[in-house]
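Asks: Just one file: my_file-v2.txt, with compact mmCIF, C-alpha atoms.
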# COMPACT_ATOMS: atom_id res chain seq x y z
CA MET A 1 -33.34 197.54 -178.96
CA SER A 2 -29.87 198.76 -179.79
CA VAL A 3 -27.17 198.87 -182.41
CA THR A 4 -24.35 196.43 -181.77
CA ALA A 5 -20.93 197.99 -181.60
CA SER A 6 -18.65 197.44 -184.59
CA SER A 7 -15.21 195.97 -184.00
CA TRP A 8 -13.62 199.32 -184.88
CA HIS A 9 -15.79 201.04 -182.33
CA ALA A 10 -14.82 198.48 -179.69
CA ALA A 11 -11.11 198.84 -180.51
CA ALA A 12 -11.38 202.63 -180.29
CA GLN A 13 -12.98 202.27 -176.85
CA ILE A 14 -10.08 200.15 -175.64
CA LEU A 15 -7.53 202.64 -176.95
CA ARG A 16 -9.36 205.51 -175.33
CA ARG A 17 -9.71 203.73 -172.01
CA ASP A 18 -6.08 202.62 -171.84
CA LEU A 19 -4.82 206.09 -172.74
CA THR A 20 -7.10 207.66 -170.11
CA LEU A 21 -5.84 205.23 -167.50
CA ALA A 22 -2.22 205.87 -168.44
CA PHE A 23 -2.79 209.59 -168.23
CA ARG A 24 -4.11 209.18 -164.67
CA ARG A 25 -1.13 207.12 -163.52
CA PRO A 26 1.86 208.10 -165.64
CA GLY A 27 4.36 206.11 -163.57
CA GLU A 28 3.57 202.92 -165.42
CA TRP A 29 4.73 204.10 -168.83
CA LEU A 30 7.38 206.59 -167.68
CA GLN A 31 9.32 203.86 -165.87
CA PRO A 32 10.38 201.92 -168.98
CA VAL A 33 11.49 205.14 -170.71
CA ALA A 34 13.53 206.17 -167.68
CA PHE A 35 15.02 202.68 -167.60
CA PHE A 36 15.95 202.98 -171.28
CA PHE A 37 17.71 206.30 -170.65
CA ILE A 38 19.65 205.01 -167.69
CA VAL A 39 20.84 201.83 -169.42
CA THR A 40 22.04 203.71 -172.52
CA LEU A 41 23.78 206.32 -170.39
CA LEU A 42 25.65 203.63 -168.47
CA PHE A 43 27.62 202.76 -171.60
CA PRO A 44 29.64 206.00 -171.81
CA LEU A 45 30.41 205.61 -168.11
CA ALA A 46 31.60 202.03 -168.44
CA LEU A 47 33.49 202.45 -171.73
CA ASP A 48 36.22 204.90 -172.49
CA PRO A 49 34.53 208.14 -173.54
CA GLU A 50 36.34 208.30 -176.90
CA LEU A 51 33.58 209.47 -179.26
CA SER A 52 34.40 207.15 -182.17
CA HIS A 53 34.27 204.09 -179.89
CA LEU A 54 30.96 205.16 -178.43
CA ARG A 55 29.53 205.80 -181.86
CA ARG A 56 30.43 202.30 -182.97
CA LEU A 57 28.64 200.84 -179.97
CA ALA A 58 25.63 203.16 -180.12
CA PRO A 59 23.32 200.92 -182.21
CA ALA A 60 23.94 197.91 -179.99
CA ALA A 61 23.49 199.92 -176.81
CA LEU A 62 20.28 201.53 -178.06
CA TRP A 63 18.70 198.30 -179.19
CA VAL A 64 19.66 196.15 -176.24
CA ALA A 65 18.33 198.86 -173.93
CA ALA A 66 15.15 199.16 -176.02
CA MET A 67 14.56 195.41 -175.85
CA LEU A 68 15.09 195.23 -172.11
CA SER A 69 12.86 198.18 -171.46
CA SER A 70 10.12 196.78 -173.69
CA VAL A 71 10.23 193.50 -171.75
CA LEU A 72 9.94 195.53 -168.55
CA ALA A 73 6.92 197.35 -169.96
CA ILE A 74 5.18 194.34 -171.47
CA ASP A 75 4.54 192.85 -168.07
CA PHE A 76 1.85 195.51 -167.57
CA LEU A 77 0.08 194.65 -170.82
CA PHE A 78 -2.50 192.09 -169.68
CA ARG A 79 -1.75 191.65 -165.99
CA GLU A 80 -4.17 194.14 -164.49
CA ASP A 81 -6.98 193.37 -166.91
CA GLY A 82 -6.48 189.69 -166.18
CA ARG A 83 -6.62 190.19 -162.45
CA ASP A 84 -9.72 192.38 -162.32
CA GLY A 85 -11.85 190.29 -164.69
CA THR A 86 -11.71 192.67 -167.67
CA LEU A 87 -10.20 190.03 -169.96
CA GLU A 88 -13.00 187.66 -168.98
CA GLN A 89 -15.48 190.28 -170.12
CA PHE A 90 -13.51 190.78 -173.35
CA ALA A 91 -13.80 187.06 -174.04
CA LEU A 92 -17.57 187.21 -173.49
CA SER A 93 -18.22 190.48 -175.32
CA GLY A 94 -19.10 188.83 -178.61
CA GLN A 95 -16.26 190.70 -180.33
CA SER A 96 -13.25 188.82 -181.66
CA PHE A 97 -11.00 188.22 -178.66
CA ALA A 98 -7.83 188.42 -180.77
CA TRP A 99 -8.96 191.73 -182.19
CA LEU A 100 -9.57 193.23 -178.74
CA LEU A 101 -6.14 192.04 -177.58
CA LEU A 102 -4.61 193.61 -180.69
CA ALA A 103 -6.28 196.89 -179.73
CA LYS A 104 -4.81 196.58 -176.24
CA THR A 105 -1.40 195.86 -177.71
CA ALA A 106 -1.74 198.92 -179.96
CA ALA A 107 -2.54 201.09 -176.95
CA HIS A 108 0.45 199.61 -175.18
CA TRP A 109 2.68 200.42 -178.15
CA VAL A 110 1.47 204.03 -178.13
CA LEU A 111 2.29 204.22 -174.43
CA THR A 112 5.65 202.45 -174.44
CA GLY A 113 6.96 202.05 -178.00
CA VAL A 114 6.36 205.63 -179.08
CA PRO A 115 7.93 207.26 -175.99
CA LEU A 116 10.89 204.88 -176.41
CA ALA A 117 11.35 205.94 -180.03
CA LEU A 118 11.06 209.60 -179.05
CA ALA A 119 13.66 209.15 -176.31
CA ALA A 120 16.07 207.25 -178.57
CA PRO A 121 17.49 210.25 -180.50
CA PHE A 122 18.56 211.90 -177.23
CA ALA A 123 20.23 208.72 -176.08
CA ALA A 124 21.83 208.35 -179.53
CA ILE A 125 23.33 211.83 -179.36
CA ALA A 126 24.64 211.10 -175.88
CA LEU A 127 26.38 208.10 -177.46
CA GLY A 128 28.01 210.28 -180.09
CA ALA A 129 25.65 209.86 -183.04
CA PRO A 130 25.57 212.84 -185.42
CA ALA A 131 22.47 215.04 -185.57
CA ASP A 132 21.81 213.84 -189.15
CA ALA A 133 21.10 210.38 -187.79
CA ILE A 134 18.14 211.51 -185.68
CA PRO A 135 15.35 210.75 -188.22
CA GLY A 136 16.84 207.32 -188.92
CA VAL A 137 17.17 206.42 -185.24
CA LEU A 138 13.62 207.57 -184.60
CA ALA A 139 12.21 205.66 -187.57
CA SER A 140 14.04 202.41 -186.83
CA LEU A 141 12.92 202.35 -183.20
CA LEU A 142 9.37 203.36 -184.08
CA LEU A 143 9.09 200.46 -186.49
CA GLY A 144 11.06 197.99 -184.40
CA SER A 145 9.02 198.67 -181.28
CA VAL A 146 5.88 197.56 -183.13
CA SER A 147 7.21 194.04 -183.45
CA LEU A 148 8.65 194.15 -179.91
CA SER A 149 5.17 194.98 -178.57
CA LEU A 150 3.56 192.21 -180.62
CA ILE A 151 6.09 189.59 -179.58
CA GLY A 152 5.67 190.80 -176.03
CA ALA A 153 1.92 190.29 -176.26
CA ILE A 154 2.47 186.56 -176.85
CA GLY A 155 4.79 186.35 -173.85
CA ALA A 156 2.43 188.38 -171.68
CA GLY A 157 -0.43 186.07 -172.63
CA LEU A 158 1.58 182.96 -171.81
CA THR A 159 2.74 184.24 -168.42
CA LEU A 160 -0.59 185.79 -167.43
CA GLY A 161 -1.55 182.90 -165.18
CA LEU A 162 1.70 183.03 -163.21
CA ARG A 163 1.92 185.06 -160.07
CA ARG A 164 5.39 186.33 -160.81
CA GLY A 165 5.98 185.91 -164.50
CA GLY A 166 8.65 188.58 -164.96
CA ALA A 167 11.75 186.39 -165.31
CA LEU A 168 10.01 183.76 -167.42
CA LEU A 169 8.58 186.52 -169.60
CA SER A 170 12.05 187.77 -170.51
CA LEU A 171 13.24 184.22 -171.23
CA LEU A 172 10.30 183.75 -173.60
CA VAL A 173 10.35 187.11 -175.30
CA LEU A 174 14.02 187.97 -175.75
CA PRO A 175 14.91 185.01 -178.02
CA LEU A 176 11.85 185.72 -180.19
CA ALA A 177 12.92 189.34 -180.49
CA VAL A 178 16.38 188.51 -181.86
CA PRO A 179 15.46 189.19 -185.52
CA THR A 180 14.10 192.59 -184.54
CA LEU A 181 17.32 193.30 -182.67
CA ILE A 182 19.51 192.33 -185.63
CA PHE A 183 17.65 194.34 -188.26
CA GLY A 184 16.91 197.23 -185.94
CA ALA A 185 20.50 197.62 -184.83
CA ARG A 186 21.64 197.38 -188.44
CA ALA A 187 19.18 200.10 -189.52
CA THR A 188 20.34 202.37 -186.72
CA GLU A 189 23.99 201.71 -187.58
CA LEU A 190 23.43 202.59 -191.23
CA SER A 191 21.65 205.80 -190.31
CA ILE A 192 24.49 206.79 -187.97
CA HIS A 193 26.94 206.28 -190.84
CA GLY A 194 24.69 208.34 -193.09
CA GLU A 195 23.93 205.46 -195.46
CA SER A 196 20.61 204.24 -196.82
CA MET A 197 18.79 202.13 -194.23
CA ALA A 198 16.06 200.87 -196.60
CA GLY A 199 17.06 197.18 -196.52
CA PRO A 200 16.81 196.51 -192.77
CA MET A 201 13.79 198.84 -192.54
CA TYR A 202 11.89 196.68 -195.05
CA LEU A 203 12.74 193.63 -192.99
CA LEU A 204 11.59 195.35 -189.80
CA ALA A 205 8.35 196.24 -191.55
CA ALA A 206 7.95 192.63 -192.68
CA LEU A 207 8.46 191.46 -189.08
CA SER A 208 5.79 193.90 -187.91
CA VAL A 209 3.30 192.71 -190.52
CA PHE A 210 4.01 189.12 -189.60
CA GLY A 211 3.54 190.04 -185.94
CA VAL A 212 0.21 191.77 -186.55
CA THR A 213 -1.01 188.67 -188.36
CA VAL A 214 0.11 186.01 -185.90
CA ALA A 215 0.66 187.56 -182.48
CA PRO A 216 -2.98 188.47 -181.63
CA LEU A 217 -4.13 184.92 -182.42
CA ALA A 218 -1.34 183.39 -180.34
CA ALA A 219 -1.93 185.83 -177.49
CA ALA A 220 -5.68 185.17 -177.56
CA ALA A 221 -5.13 181.41 -177.36
CA ALA A 222 -2.69 181.85 -174.48
CA VAL A 223 -4.93 184.24 -172.55
CA ARG A 224 -7.94 181.96 -172.98
CA ILE A 225 -6.04 179.13 -171.30
CA SER A 226 -5.20 181.31 -168.33
CA LEU A 227 -8.85 182.35 -167.98
CA GLU A 228 -9.97 178.76 -167.40
CA MET B 1 -15.44 168.41 -161.41
CA LEU B 2 -19.12 168.39 -162.16
CA ARG B 3 -20.84 165.48 -163.86
CA GLY B 4 -24.34 164.25 -164.56
CA LEU B 5 -25.94 167.68 -164.54
CA SER B 6 -28.99 168.67 -166.50
CA LEU B 7 -30.86 171.92 -166.24
CA ARG B 8 -33.19 174.05 -168.27
CA LEU B 9 -34.07 177.70 -167.87
CA ALA B 10 -37.29 179.11 -169.23
CA GLU B 11 -37.95 182.70 -170.24
CA GLY B 12 -38.68 184.90 -167.27
CA GLN B 13 -37.24 182.41 -164.82
CA ALA B 14 -34.41 182.46 -162.32
CA LEU B 15 -32.60 179.43 -160.98
CA GLN B 16 -30.67 179.94 -157.77
CA LEU B 17 -27.85 177.51 -157.03
CA LEU B 18 -27.61 177.06 -153.29
CA TRP B 19 -25.05 174.25 -153.38
CA PRO B 20 -22.60 173.94 -150.51
CA ASN B 21 -19.18 175.61 -150.79
CA GLY B 22 -16.85 173.80 -153.15
CA ALA B 23 -19.65 171.95 -154.94
CA GLY B 24 -18.89 173.75 -158.19
CA LYS B 25 -21.33 176.66 -158.45
CA THR B 26 -18.73 178.99 -159.94
CA SER B 27 -17.41 176.26 -162.25
CA LEU B 28 -20.90 175.62 -163.58
CA LEU B 29 -21.46 179.31 -164.32
CA ARG B 30 -18.07 179.62 -166.01
CA ALA B 31 -18.70 176.49 -168.07
CA VAL B 32 -22.06 177.83 -169.24
CA ALA B 33 -20.38 181.13 -170.15
CA GLY B 34 -17.78 179.22 -172.15
CA LEU B 35 -14.80 180.21 -170.03
CA ILE B 36 -14.17 176.57 -169.06
CA PRO B 37 -14.43 173.88 -171.74
CA VAL B 38 -17.10 171.25 -171.23
CA GLU B 39 -15.68 167.74 -171.61
CA ASP B 40 -18.89 166.00 -172.48
CA GLY B 41 -22.53 166.82 -173.07
CA GLN B 42 -23.99 169.87 -174.70
CA LEU B 43 -25.13 173.38 -174.02
CA LEU B 44 -28.07 174.73 -175.96
CA TRP B 45 -29.24 178.32 -176.19
CA ARG B 46 -32.66 178.88 -177.73
CA GLY B 47 -32.46 175.49 -179.34
CA ASN B 48 -29.04 175.91 -180.99
CA ARG B 49 -25.72 174.53 -179.85
CA ILE B 50 -23.76 177.39 -178.29
CA GLU B 51 -20.46 176.47 -179.92
CA ASP B 52 -22.05 176.78 -183.37
CA ASP B 53 -22.60 180.50 -182.94
CA ARG B 54 -20.72 181.75 -179.94
CA ALA B 55 -20.98 185.42 -180.94
CA ALA B 56 -24.78 185.26 -180.93
CA PHE B 57 -24.75 183.58 -177.52
CA CYS B 58 -22.32 186.17 -176.12
CA ALA B 59 -24.59 188.97 -177.34
CA ASP B 60 -27.34 187.45 -175.19
CA LEU B 61 -25.10 186.82 -172.21
CA ALA B 62 -24.18 188.94 -169.21
CA PHE B 63 -21.69 187.43 -166.78
CA LEU B 64 -20.94 188.88 -163.38
CA GLY B 65 -18.13 186.98 -161.70
CA HIS B 66 -16.12 187.39 -158.52
CA ASP B 67 -14.00 189.97 -160.30
CA LEU B 68 -16.08 192.95 -161.25
CA ALA B 69 -13.97 194.11 -164.22
CA LEU B 70 -14.03 197.70 -163.01
CA LYS B 71 -11.05 200.06 -163.19
CA GLY B 72 -10.31 201.90 -159.97
CA ASP B 73 -8.85 204.88 -161.80
CA LEU B 74 -11.96 205.43 -163.93
CA THR B 75 -15.19 206.94 -162.65
CA ALA B 76 -18.33 204.86 -162.34
CA ALA B 77 -19.76 206.47 -165.47
CA GLU B 78 -16.54 205.94 -167.45
CA ASN B 79 -16.40 202.29 -166.43
CA LEU B 80 -19.95 201.74 -167.57
CA HIS B 81 -19.42 203.65 -170.78
CA PHE B 82 -16.43 201.50 -171.64
CA SER B 83 -17.85 198.09 -170.89
CA VAL B 84 -21.18 198.79 -172.56
CA SER B 85 -19.56 200.35 -175.64
CA LEU B 86 -17.73 197.09 -176.36
CA ARG B 87 -21.14 195.58 -177.07
CA ARG B 88 -23.42 198.30 -178.34
CA ARG B 89 -23.81 202.02 -178.98
CA LEU B 90 -25.05 204.00 -176.01
CA ALA B 91 -27.72 206.66 -176.16
CA GLY B 92 -27.29 209.81 -174.06
CA GLY B 93 -28.60 209.63 -170.50
CA GLU B 94 -28.66 205.82 -170.32
CA ILE B 95 -25.72 205.61 -167.93
CA LYS B 96 -27.14 208.23 -165.61
CA ALA B 97 -30.46 206.38 -165.52
CA ALA B 98 -28.76 203.04 -164.82
CA LEU B 99 -26.73 204.51 -161.96
CA ASP B 100 -29.88 206.10 -160.54
CA GLU B 101 -31.53 202.69 -160.55
CA VAL B 102 -28.82 201.19 -158.35
CA GLY B 103 -28.82 204.21 -156.05
CA LEU B 104 -25.53 205.72 -157.22
CA GLY B 105 -26.91 208.61 -159.25
CA THR B 106 -24.91 211.15 -157.27
CA ARG B 107 -21.66 209.16 -157.46
CA ALA B 108 -21.43 208.89 -161.25
CA ASP B 109 -18.25 210.95 -161.40
CA ALA B 110 -16.53 209.38 -158.40
CA LEU B 111 -13.51 207.18 -159.03
CA VAL B 112 -14.35 203.54 -158.46
CA ARG B 113 -11.33 203.02 -156.21
CA GLN B 114 -12.78 205.59 -153.80
CA MET B 115 -15.98 203.56 -153.49
CA SER B 116 -16.74 200.84 -150.97
CA ALA B 117 -16.87 197.20 -152.07
CA GLY B 118 -20.65 197.33 -151.94
CA GLN B 119 -20.83 200.44 -154.11
CA GLN B 120 -18.47 198.88 -156.63
CA ARG B 121 -20.77 195.89 -156.86
CA ARG B 122 -23.67 198.25 -157.48
CA VAL B 123 -21.78 199.77 -160.39
CA ALA B 124 -21.32 196.26 -161.82
CA LEU B 125 -25.06 195.66 -161.37
CA ALA B 126 -25.86 198.83 -163.28
CA ARG B 127 -23.77 197.43 -166.13
CA LEU B 128 -25.89 194.25 -166.26
CA GLY B 129 -29.01 196.28 -166.98
CA LEU B 130 -27.25 198.34 -169.65
CA TRP B 131 -25.96 195.36 -171.57
CA GLY B 132 -29.51 194.31 -172.45
CA ALA B 133 -28.63 190.61 -172.38
CA ARG B 134 -31.27 187.90 -172.03
CA LEU B 135 -29.28 185.48 -169.89
CA TRP B 136 -27.66 186.69 -166.70
CA LEU B 137 -25.05 184.49 -165.04
CA LEU B 138 -24.45 185.93 -161.59
CA ASP B 139 -21.83 184.62 -159.19
CA GLU B 140 -22.71 185.71 -155.65
CA PRO B 141 -24.37 188.94 -156.80
CA ALA B 142 -25.25 189.98 -153.26
CA ALA B 143 -21.77 189.57 -151.75
CA ASN B 144 -20.64 192.69 -149.83
CA LEU B 145 -24.09 194.23 -150.13
CA ASP B 146 -26.16 195.62 -147.26
CA ALA B 147 -29.93 195.11 -147.06
CA ALA B 148 -30.58 198.08 -149.35
CA GLY B 149 -28.02 196.74 -151.81
CA GLN B 150 -29.66 193.31 -151.81
CA ALA B 151 -32.96 195.00 -152.54
CA VAL B 152 -31.27 196.64 -155.54
CA VAL B 153 -30.16 193.21 -156.81
CA VAL B 154 -33.64 191.77 -156.33
CA ALA B 155 -35.26 194.75 -158.06
CA ALA B 156 -32.85 194.54 -161.01
CA LEU B 157 -33.52 190.81 -161.32
CA ALA B 158 -37.27 191.29 -161.10
CA ARG B 159 -37.16 193.85 -163.93
CA HIS B 160 -34.98 191.55 -166.00
CA LEU B 161 -37.26 188.53 -165.49
CA ALA B 162 -40.41 190.54 -166.13
CA ALA B 163 -38.92 191.60 -169.47
CA GLY B 164 -38.56 187.94 -170.44
CA GLY B 165 -34.92 187.43 -169.41
CA CYS B 166 -33.61 184.52 -167.42
CA ALA B 167 -30.92 184.18 -164.79
CA LEU B 168 -28.67 181.51 -163.33
CA ILE B 169 -27.45 182.66 -159.95
CA SER B 170 -24.93 181.17 -157.57
CA THR B 171 -25.56 182.32 -154.03
CA HIS B 172 -25.42 181.03 -150.49
CA GLN B 173 -28.26 183.29 -149.28
CA PRO B 174 -31.38 182.80 -151.44
CA LEU B 175 -32.47 186.06 -153.02
CA ASP B 176 -36.01 187.04 -152.23
CA LEU B 177 -37.61 186.78 -155.68
CA SER B 178 -41.31 186.19 -156.21
CA ALA B 179 -42.05 182.46 -156.08
CA SER B 180 -43.61 182.28 -159.54
CA VAL B 181 -40.31 183.07 -161.30
CA ASN B 182 -37.95 181.54 -158.81
CA ARG B 183 -36.47 178.05 -158.48
CA LEU B 184 -33.98 176.95 -155.86
CA TRP B 185 -31.48 174.15 -156.38
CA ARG B 186 -29.93 173.04 -153.13
CA ASP B 187 -27.92 169.95 -154.01
CA PRO B 188 -26.10 169.11 -157.27
CA LYS B 189 -27.05 165.41 -156.82
CA GLU B 190 -30.74 166.21 -157.14
CA ALA B 191 -32.34 167.17 -160.44
CA ALA B 192 -32.84 170.90 -161.01
Spell out the structure here as C-alpha cells.
Replies:
Amino acid sequence: MSVTASSWHAAAQILRRDLTLAFRRPGEWLQPVAFFFIVTLLFPLALDPELSHLRRLAPAALWVAAMLSSVLAIDFLFREDGRDGTLEQFALSGQSFAWLLLAKTAAHWVLTGVPLALAAPFAAIALGAPADAIPGVLASLLLGSVSLSLIGAIGAGLTLGLRRGGALLSLLVLPLAVPTLIFGARATELSIHGESMAGPMYLLAALSVFGVTVAPLAAAAAVRISLE
Amino acid sequence: MLRGLSLRLAEGQALQLLWPNGAGKTSLLRAVAGLIPVEDGQLLWRGNRIEDDRAAFCADLAFLGHDLALKGDLTAAENLHFSVSLRRRLAGGEIKAALDEVGLGTRADALVRQMSAGQQRRVALARLGLWGARLWLLDEPAANLDAAGQAVVVAALARHLAAGGCALISTHQPLDLSASVNRLWRDPKEAA
C-alpha cells in the first residue's frame, strides 16, 4: 500500500525534527555555549592579564572548556527520547537502529558542536589570539567537536538507564576524549602561532572517521540494553 | 519472569490479556516486540522465525507502550508526520484523515503538551492506523480515555481486524470487540 522510507529519508526526518524542537526551546543548546564562554573568560581573570601568557594558554583553555561544555550538552542527546518512548519506536521502526542514532548524533552536533566552533574565535581573541588565527581556531573546533559528539553518544547510551547519569557520563567520556583534546589543542596552538596545522588536523579527521564507524554501533548496543 | 507460554494469533483476530497486575502482560508484549530478549523458545511471524528477518517483522509491527513517544513541543500533525515518515512515505491529507478518525481533526496544529492525557493517547492511536502494520501490540490502549475515547480505540481495532490485521492487547478492562474476532485470556497459567 505504500513506499517504505529509505534510510536517508528517515535520517533527514530525525534531523528536521530535532532542529525544529531545538528552535522551539533554544535554552537547551544555548546553555553549553554560554558555559563555554564563561569558562574561557575565567582564565584572563584568574591569570595575570599579560597578553603573551594568555596567548600561550589559549589553546588549552579553549579545548578544556570545549570538552566540558560538550559533556554538559551530551546529556541531552538521548535522555528525552529515552524517557518518552521515542527510542523504543526507533528500535522497532525497521530502520537500522545505529543509523538512526547516528542521525540523532549529527543533529546534536549541528546544535552544540557548530555553535561551539562559531563561539570559539571570539573566546580565542579574548585570550589574546591574533585575528589571523580565526579560521584555524574555527576549523579545529569544528572538526574536533565531531569526534566529541560521537564519543559522547557512546557515553550517553551507556548512562541512559541511570536516573542521574551526569557525573558518571563525564567520567566515561572525558578519558575517551583525550586524543581529541591533544590533537585539537595542538592544531589550535599551531594556528595561533601562524604555522601549518595540517598534521593534527589530519589526526582529528581520522578520529572523526573512526568515531563515525564505531560510535553508532556502540551507542546502539548500549541503548538497546537500557530499553530492556 | 514468564515461562511455559504458548499462543497463536490468526488473521483478523484480537487476543486480550486480562492477567492480574504484575503477571507480566507488559513483559510479554515487549518480548514479542523484541525489546526484551527471550531466553528460550521461539517466536514465529507468518511461519518464519522473527530473529531471521527482524526488519520484515518490524515493518509489520506497531507497538504502543506506556510511553507514547510523542514530543510535547511538536503539534499533533508534526508528531504523526515524523513517526510515520520513519517507516514510509506519506501522501497528502493522510494525517488530517487519521486525526479526524480519532476525533482530533480540529486539534491538528495544537502542541501535544497542551493536550490532555486522553487526547495525547488519541494522537498515538491515530499513528497506529497510519503505520499500516499487520500486528498491533497495545499496552493498556484505553488508559486515560473517557467512554468516547474507548469507542475510538474499539473502532480503530475493528477497522484493523476487518482489514485482516491482528492485535495482542494488554488491558485490565476488556475492550468491547465483536465476539467473533475477540479472545480473552484471563490467567497466564491457562492456555490461550
Asks: When you count all atoms listed in the file, which of these residues is closest to Ala119 (chain A): A:Val33, A:Met201, A:Ala131, A:Leu101?
Replies: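 Checking each of A:Val33, A:Met201, A:Ala131, A:Leu101 against Ala119 (chain A), counting all atoms listed in the file, the winner is A:Val33.
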Asks: Any idea which chain B residues end up within 9 Å of chain A if we count all atoms listed in the file, as number ranges by chain please?
Replies: B: 30, 33-37, 54-59, 61-71, 73-74, 78-79, 81-83, 85-91, 132
Asks: Have a look at CA of Trp109 (chain A) and CA of Leu148 (chain A) and let me know their distance in Å, one decimal.
Replies: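 Rounded to one decimal, the two atoms are 8.8 Å apart.
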Asks: Between CA of Glu140 (chain B) and CA of His172 (chain B), what is the distance, to one decimal in Å?
Replies: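 Value for the CA of Glu140 (chain B)-CA of His172 (chain B) distance: 7.5 Å.
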Asks: Pick the closest to Arg3 (chain B) from B:Val32, B:Leu157, B:Val38, B:Ala163: which is it, counting only C-alpha atoms?
Replies: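 Of B:Val32, B:Leu157, B:Val38, B:Ala163, the one nearest Arg3 (chain B), counting only C-alpha atoms, is B:Val38.
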Asks: For CA of Ala31 (chain B) and CA of Asp52 (chain B), quote the distance in Å rounded to one decimal.
Replies: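 Going from CA of Ala31 (chain B) over to CA of Asp52 (chain B) covers 15.7 Å.
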Asks: What's around Val154 (chain B) at 7 Å? Count only C-alpha atoms, leave out sequence neighbours fewer than 4 positions away in its own chain, and write the answer as a list in words.
Replies: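 In the requested form, the answer reads Gln150, Ala158, Leu175, Asp176 and Leu177 of chain B.
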Asks: If we count only C-alpha atoms and set the cut-off at 10 Å, which residues sit around region 185-191 of chain B, ignoring sequence neighbours fewer than 5 positions away in its own chain? Please answer as a PyMOL selection string.
Replies: chain B and resi 2-7+15-20+23-25+170+172+174
Asks: Taking 4 positions as the minimum chain separation for residues in the same chain, which residues sit within 12 Å of Ser52 (chain A) when counting only C-alpha atoms? Answer as a ChimeraX atom specification.
Replies: /A:44,47-48,56-58,127-130,192-193
